[in-house]
Amino acid sequence: MKEEKVTCKEVMQHICESLREDLNSERCVAIKKHIDECSGCQNYIETVELTIDYYRKYNVELSDDAHDRLMKFLDLEDGD
Amino acid sequence: MEETELIALAQAGDKKALAKLVKNYEQTIYNFAFKICRNKNKAEHIMQETFYSMVKSLHQFDGNSKLSTWLYRIVSNHCLMLARKLKNRSFVSLDDEDGLYEEKYTADWNTLPYKSTENEELKVILDEAIEKLSPEYRMIFLLRDVEGLSTEETAQATELSIAAVKSRLHRARAFLRNELNRAFQK
């Protein structure tokens, strides 16, 4: 079987398209091989993952006052 | 009590069940609204409108999707409606896909002084980066990557095709990663 060659740019695009997707095509095998050997692409994956992680961890808490205003707005009462 | 029982009771007019459903989802909806509009007052307003819509139309919920996906659809619509009212904002265009993958300078993310999202400087960087994205792209990134919905659920919540979700998602990921990379080089 002829080995498929891919460039860093194609790998970056692939990472952004298919992060967390389960892919096993011939092209994906070539991309995985490229990533194993390319520190730039490994860094790119890590930083895309970190980007997602930063946004995932950046949360805000609903205050008790905001909860009370919501229940009042909806004419509902807190249960037990 | 199981959620399906709570929904059935709420649909039959049980206010305690309705209040419990609201309580179960208020934090999620508020947090999501904040992540879209990056403003606590607007997020609270969107949360109130979302639950008001839920109360009004819960009888139409048929259980074909999860309640959470249904609520994400409602809150997404309210976020988009608010964004369209604030028309004076302009957002970055992600049409030039090639430009998204030509990042020549890579900051060393391992030596960043702030690793925690409790860091105020990092919060500003995260806010500024995502605010450049139009709400349509922001929403897809947040639903799929941050809230953890599947691609199919994200498509359901936004009423977009799976192909459109994937396309917007990978552009948003690449754009945000590049924005943070640039900010971290400074």
# chains A, B, ... in the order shown; residues from 1 in each chain; ligands from 1
$ residues_around --residues "stretch 51-58 of chain A" --least-positions-apart "2" --cutoff "10 Å" --atoms "only C-alpha atoms" --output "PyMOL selection string"
(chain A and resi 45-49+60) or (chain B and resi 31+35+115-119+122-123+126-127+130+141-142+145-148+173-174+176-181)
$ residues_around --residues "B:Pro135" --least-positions-apart "5" --cutoff "9 Å" --atoms "only C-alpha atoms" --output "list in words"
Ile36, Cys37, Cys79, Leu80, Ala83, Phe91 and Ile140 of chain B
$ write_last_selection --atoms "C-alpha atoms" --output "PDB file, in the first residue's frame"
ATOM      1  CA  ILE B  36     -22.159  33.494  25.038  1.00  0.00           C
ATOM      2  CA  CYS B  37     -22.707  37.118  26.061  1.00  0.00           C
ATOM      3  CA  CYS B  79     -28.808  34.549  22.935  1.00  0.00           C
ATOM      4  CA  LEU B  80     -29.052  35.011  19.166  1.00  0.00           C
ATOM      5  CA  ALA B  83     -27.100  39.540  19.787  1.00  0.00           C
ATOM      6  CA  PHE B  91     -17.196  40.157  14.270  1.00  0.00           C
ATOM      7  CA  ILE B 140     -21.288  25.916  18.263  1.00  0.00           C
TER       8      ILE B 140
END
$ closest_residue --among "B:Leu143, B:Ala19, B:Val124, B:Val165" --to "chain A" --atoms "only C-alpha atoms"
B:Ala19
$ interface_residues --of "chain A" --to "chain B" --cutoff "9 Å" --atoms "only C-alpha atoms" --output "ChimeraX atom specification"
/A:8-10,12-19,40,43-44,47-62,66-67,69-71,73-74,76-79
$ write_last_selection --atoms "N, CA and C atoms" --output "compact mmCIF listing (two decimals), in the first residue's frame"
# COMPACT_ATOMS: atom_id res chain seq x y z
N CYS A 8 1.78 19.66 7.52
CA CYS A 8 1.37 20.17 8.84
C CYS A 8 0.04 20.92 8.75
N LYS A 9 -0.10 21.70 7.68
CA LYS A 9 -1.32 22.51 7.54
C LYS A 9 -2.56 21.61 7.44
N GLU A 10 -2.41 20.52 6.66
CA GLU A 10 -3.53 19.57 6.55
C GLU A 10 -3.83 18.92 7.89
N MET A 12 -3.23 20.24 10.86
CA MET A 12 -3.88 21.23 11.73
C MET A 12 -5.37 21.30 11.43
N GLN A 13 -5.69 21.33 10.14
CA GLN A 13 -7.10 21.41 9.76
C GLN A 13 -7.84 20.16 10.24
N HIS A 14 -7.20 19.02 10.06
CA HIS A 14 -7.80 17.75 10.48
C HIS A 14 -8.05 17.73 11.99
N ILE A 15 -7.06 18.23 12.74
CA ILE A 15 -7.19 18.25 14.21
C ILE A 15 -8.41 19.07 14.60
N CYS A 16 -8.54 20.23 13.96
CA CYS A 16 -9.65 21.10 14.32
C CYS A 16 -10.99 20.54 13.87
N GLU A 17 -10.97 19.78 12.81
CA GLU A 17 -12.22 19.20 12.32
C GLU A 17 -12.66 18.01 13.13
N SER A 18 -11.70 17.22 13.57
CA SER A 18 -12.09 15.89 14.04
C SER A 18 -11.65 15.56 15.46
N LEU A 19 -11.25 16.58 16.20
CA LEU A 19 -10.88 16.33 17.59
C LEU A 19 -12.04 15.62 18.28
N GLY A 40 5.76 20.03 16.00
CA GLY A 40 4.92 21.21 15.75
C GLY A 40 3.44 20.83 15.81
N ASN A 43 2.39 19.95 19.32
CA ASN A 43 2.16 21.20 20.06
C ASN A 43 0.80 21.80 19.69
N TYR A 44 0.47 21.72 18.40
CA TYR A 44 -0.80 22.29 17.96
C TYR A 44 -1.98 21.57 18.62
N THR A 47 -2.28 22.59 22.23
CA THR A 47 -2.77 23.95 22.46
C THR A 47 -4.24 24.10 22.09
N VAL A 48 -4.71 23.32 21.11
CA VAL A 48 -6.16 23.33 20.82
C VAL A 48 -6.90 22.73 22.02
N GLU A 49 -6.36 21.63 22.55
CA GLU A 49 -6.99 21.00 23.73
C GLU A 49 -7.00 21.96 24.92
N LEU A 50 -5.87 22.67 25.11
CA LEU A 50 -5.78 23.62 26.23
C LEU A 50 -6.77 24.77 26.07
N THR A 51 -6.91 25.22 24.81
CA THR A 51 -7.87 26.30 24.54
C THR A 51 -9.26 25.88 25.00
N ILE A 52 -9.66 24.67 24.60
CA ILE A 52 -10.98 24.15 24.98
C ILE A 52 -11.09 24.05 26.50
N ASP A 53 -10.02 23.55 27.09
CA ASP A 53 -10.01 23.34 28.54
C ASP A 53 -10.14 24.67 29.30
N TYR A 54 -9.46 25.70 28.82
CA TYR A 54 -9.57 27.01 29.48
C TYR A 54 -11.03 27.48 29.48
N TYR A 55 -11.67 27.37 28.31
CA TYR A 55 -13.05 27.85 28.23
C TYR A 55 -13.99 26.97 29.05
N ARG A 56 -13.67 25.69 29.14
CA ARG A 56 -14.52 24.79 29.92
C ARG A 56 -14.46 25.11 31.41
N LYS A 57 -13.29 25.54 31.87
CA LYS A 57 -13.11 25.79 33.30
C LYS A 57 -13.49 27.20 33.73
N TYR A 58 -13.76 28.05 32.77
CA TYR A 58 -14.12 29.44 33.07
C TYR A 58 -15.64 29.50 33.26
N ASN A 59 -16.07 29.38 34.52
CA ASN A 59 -17.50 29.32 34.82
C ASN A 59 -17.91 30.43 35.76
N VAL A 60 -19.19 30.71 35.78
CA VAL A 60 -19.72 31.68 36.75
C VAL A 60 -20.82 31.02 37.57
N GLU A 61 -20.89 31.41 38.83
CA GLU A 61 -21.89 30.85 39.75
C GLU A 61 -23.14 31.72 39.75
N LEU A 62 -24.28 31.09 39.73
CA LEU A 62 -25.53 31.83 39.88
C LEU A 62 -25.69 32.21 41.36
N ALA A 66 -29.95 36.01 42.39
CA ALA A 66 -30.38 35.79 41.00
C ALA A 66 -31.35 34.61 40.94
N HIS A 67 -31.10 33.59 41.75
CA HIS A 67 -32.04 32.45 41.82
C HIS A 67 -33.41 32.92 42.31
N ARG A 69 -34.67 35.91 42.20
CA ARG A 69 -35.34 36.75 41.19
C ARG A 69 -35.96 35.87 40.09
N LEU A 70 -35.27 34.79 39.75
CA LEU A 70 -35.79 33.89 38.71
C LEU A 70 -37.10 33.24 39.18
N MET A 71 -37.10 32.75 40.42
CA MET A 71 -38.30 32.07 40.92
C MET A 71 -39.47 33.06 40.99
N PHE A 73 -39.80 35.77 39.13
CA PHE A 73 -40.15 36.07 37.73
C PHE A 73 -41.10 35.00 37.17
N LEU A 74 -40.85 33.76 37.57
CA LEU A 74 -41.65 32.64 37.05
C LEU A 74 -42.86 32.32 37.94
N LEU A 76 -42.81 30.97 40.89
CA LEU A 76 -42.61 29.63 41.46
C LEU A 76 -42.02 29.76 42.86
N GLU A 77 -42.20 28.71 43.64
CA GLU A 77 -41.61 28.70 44.98
C GLU A 77 -40.63 27.56 45.10
N ASP A 78 -39.58 27.80 45.92
CA ASP A 78 -38.62 26.72 46.17
C ASP A 78 -39.29 25.60 46.93
N GLY A 79 -38.98 24.37 46.53
CA GLY A 79 -39.51 23.22 47.26
C GLY A 79 -38.61 22.87 48.41
$ select_by_dssp --residues "stretch 119-180 of chain B" --states "helix (DSSP H, G or I)" --output "NGL selection string"
:B and (120-131 or 135-146 or 151-158 or 162-180)
$ residues_around --residues "B:Glu5" --least-positions-apart "3" --cutoff "12 Å" --atoms "only C-alpha atoms" --output "number ranges by chain"
B: 1-2, 8-12, 14, 17-18, 20-21, 63
$ decode --residues "stretch 45-78 of chain A" --atoms "N, CA and C atoms" --output "CSV table (one decimal), in the first residue's frame"
chain,number,residue,atom,x,y,z
A,45,ILE,N,-1.9,20.2,18.7
A,45,ILE,CA,-3.0,19.5,19.3
A,45,ILE,C,-3.1,19.9,20.8
A,46,GLU,N,-2.0,19.9,21.4
A,46,GLU,CA,-2.0,20.3,22.9
A,46,GLU,C,-2.6,21.6,23.1
A,47,THR,N,-2.3,22.6,22.2
A,47,THR,CA,-2.8,24.0,22.5
A,47,THR,C,-4.2,24.1,22.1
A,48,VAL,N,-4.7,23.3,21.1
A,48,VAL,CA,-6.2,23.3,20.8
A,48,VAL,C,-6.9,22.7,22.0
A,49,GLU,N,-6.4,21.6,22.5
A,49,GLU,CA,-7.0,21.0,23.7
A,49,GLU,C,-7.0,22.0,24.9
A,50,LEU,N,-5.9,22.7,25.1
A,50,LEU,CA,-5.8,23.6,26.2
A,50,LEU,C,-6.8,24.8,26.1
A,51,THR,N,-6.9,25.2,24.8
A,51,THR,CA,-7.9,26.3,24.5
A,51,THR,C,-9.3,25.9,25.0
A,52,ILE,N,-9.7,24.7,24.6
A,52,ILE,CA,-11.0,24.2,25.0
A,52,ILE,C,-11.1,24.0,26.5
A,53,ASP,N,-10.0,23.6,27.1
A,53,ASP,CA,-10.0,23.3,28.5
A,53,ASP,C,-10.1,24.7,29.3
A,54,TYR,N,-9.5,25.7,28.8
A,54,TYR,CA,-9.6,27.0,29.5
A,54,TYR,C,-11.0,27.5,29.5
A,55,TYR,N,-11.7,27.4,28.3
A,55,TYR,CA,-13.1,27.9,28.2
A,55,TYR,C,-14.0,27.0,29.1
A,56,ARG,N,-13.7,25.7,29.1
A,56,ARG,CA,-14.5,24.8,29.9
A,56,ARG,C,-14.5,25.1,31.4
A,57,LYS,N,-13.3,25.5,31.9
A,57,LYS,CA,-13.1,25.8,33.3
A,57,LYS,C,-13.5,27.2,33.7
A,58,TYR,N,-13.8,28.0,32.8
A,58,TYR,CA,-14.1,29.4,33.1
A,58,TYR,C,-15.6,29.5,33.3
A,59,ASN,N,-16.1,29.4,34.5
A,59,ASN,CA,-17.5,29.3,34.8
A,59,ASN,C,-17.9,30.4,35.8
A,60,VAL,N,-19.2,30.7,35.8
A,60,VAL,CA,-19.7,31.7,36.7
A,60,VAL,C,-20.8,31.0,37.6
A,61,GLU,N,-20.9,31.4,38.8
A,61,GLU,CA,-21.9,30.9,39.8
A,61,GLU,C,-23.1,31.7,39.8
A,62,LEU,N,-24.3,31.1,39.7
A,62,LEU,CA,-25.5,31.8,39.9
A,62,LEU,C,-25.7,32.2,41.4
A,63,SER,N,-25.9,33.5,41.6
A,63,SER,CA,-26.0,33.9,43.0
A,63,SER,C,-27.4,33.5,43.6
A,64,ASP,N,-27.5,33.5,44.9
A,64,ASP,CA,-28.8,33.2,45.5
A,64,ASP,C,-29.8,34.3,45.2
A,65,ASP,N,-29.4,35.5,45.1
A,65,ASP,CA,-30.3,36.6,44.7
A,65,ASP,C,-30.8,36.4,43.3
A,66,ALA,N,-29.9,36.0,42.4
A,66,ALA,CA,-30.4,35.8,41.0
A,66,ALA,C,-31.4,34.6,40.9
A,67,HIS,N,-31.1,33.6,41.7
A,67,HIS,CA,-32.0,32.5,41.8
A,67,HIS,C,-33.4,32.9,42.3
A,68,ASP,N,-33.4,33.7,43.4
A,68,ASP,CA,-34.7,34.2,44.0
A,68,ASP,C,-35.4,35.1,42.9
A,69,ARG,N,-34.7,35.9,42.2
A,69,ARG,CA,-35.3,36.8,41.2
A,69,ARG,C,-36.0,35.9,40.1
A,70,LEU,N,-35.3,34.8,39.7
A,70,LEU,CA,-35.8,33.9,38.7
A,70,LEU,C,-37.1,33.2,39.2
A,71,MET,N,-37.1,32.7,40.4
A,71,MET,CA,-38.3,32.1,40.9
A,71,MET,C,-39.5,33.1,41.0
A,72,LYS,N,-39.2,34.3,41.4
A,72,LYS,CA,-40.2,35.3,41.5
A,72,LYS,C,-40.7,35.6,40.1
A,73,PHE,N,-39.8,35.8,39.1
A,73,PHE,CA,-40.2,36.1,37.7
A,73,PHE,C,-41.1,35.0,37.2
A,74,LEU,N,-40.8,33.8,37.6
A,74,LEU,CA,-41.7,32.6,37.1
A,74,LEU,C,-42.9,32.3,37.9
A,75,ASP,N,-43.0,33.1,39.0
A,75,ASP,CA,-44.1,32.8,40.0
A,75,ASP,C,-44.0,31.4,40.5
A,76,LEU,N,-42.8,31.0,40.9
A,76,LEU,CA,-42.6,29.6,41.5
A,76,LEU,C,-42.0,29.8,42.9
A,77,GLU,N,-42.2,28.7,43.6
A,77,GLU,CA,-41.6,28.7,45.0
A,77,GLU,C,-40.6,27.6,45.1
A,78,ASP,N,-39.6,27.8,45.9
A,78,ASP,CA,-38.6,26.7,46.2
A,78,ASP,C,-39.3,25.6,46.9
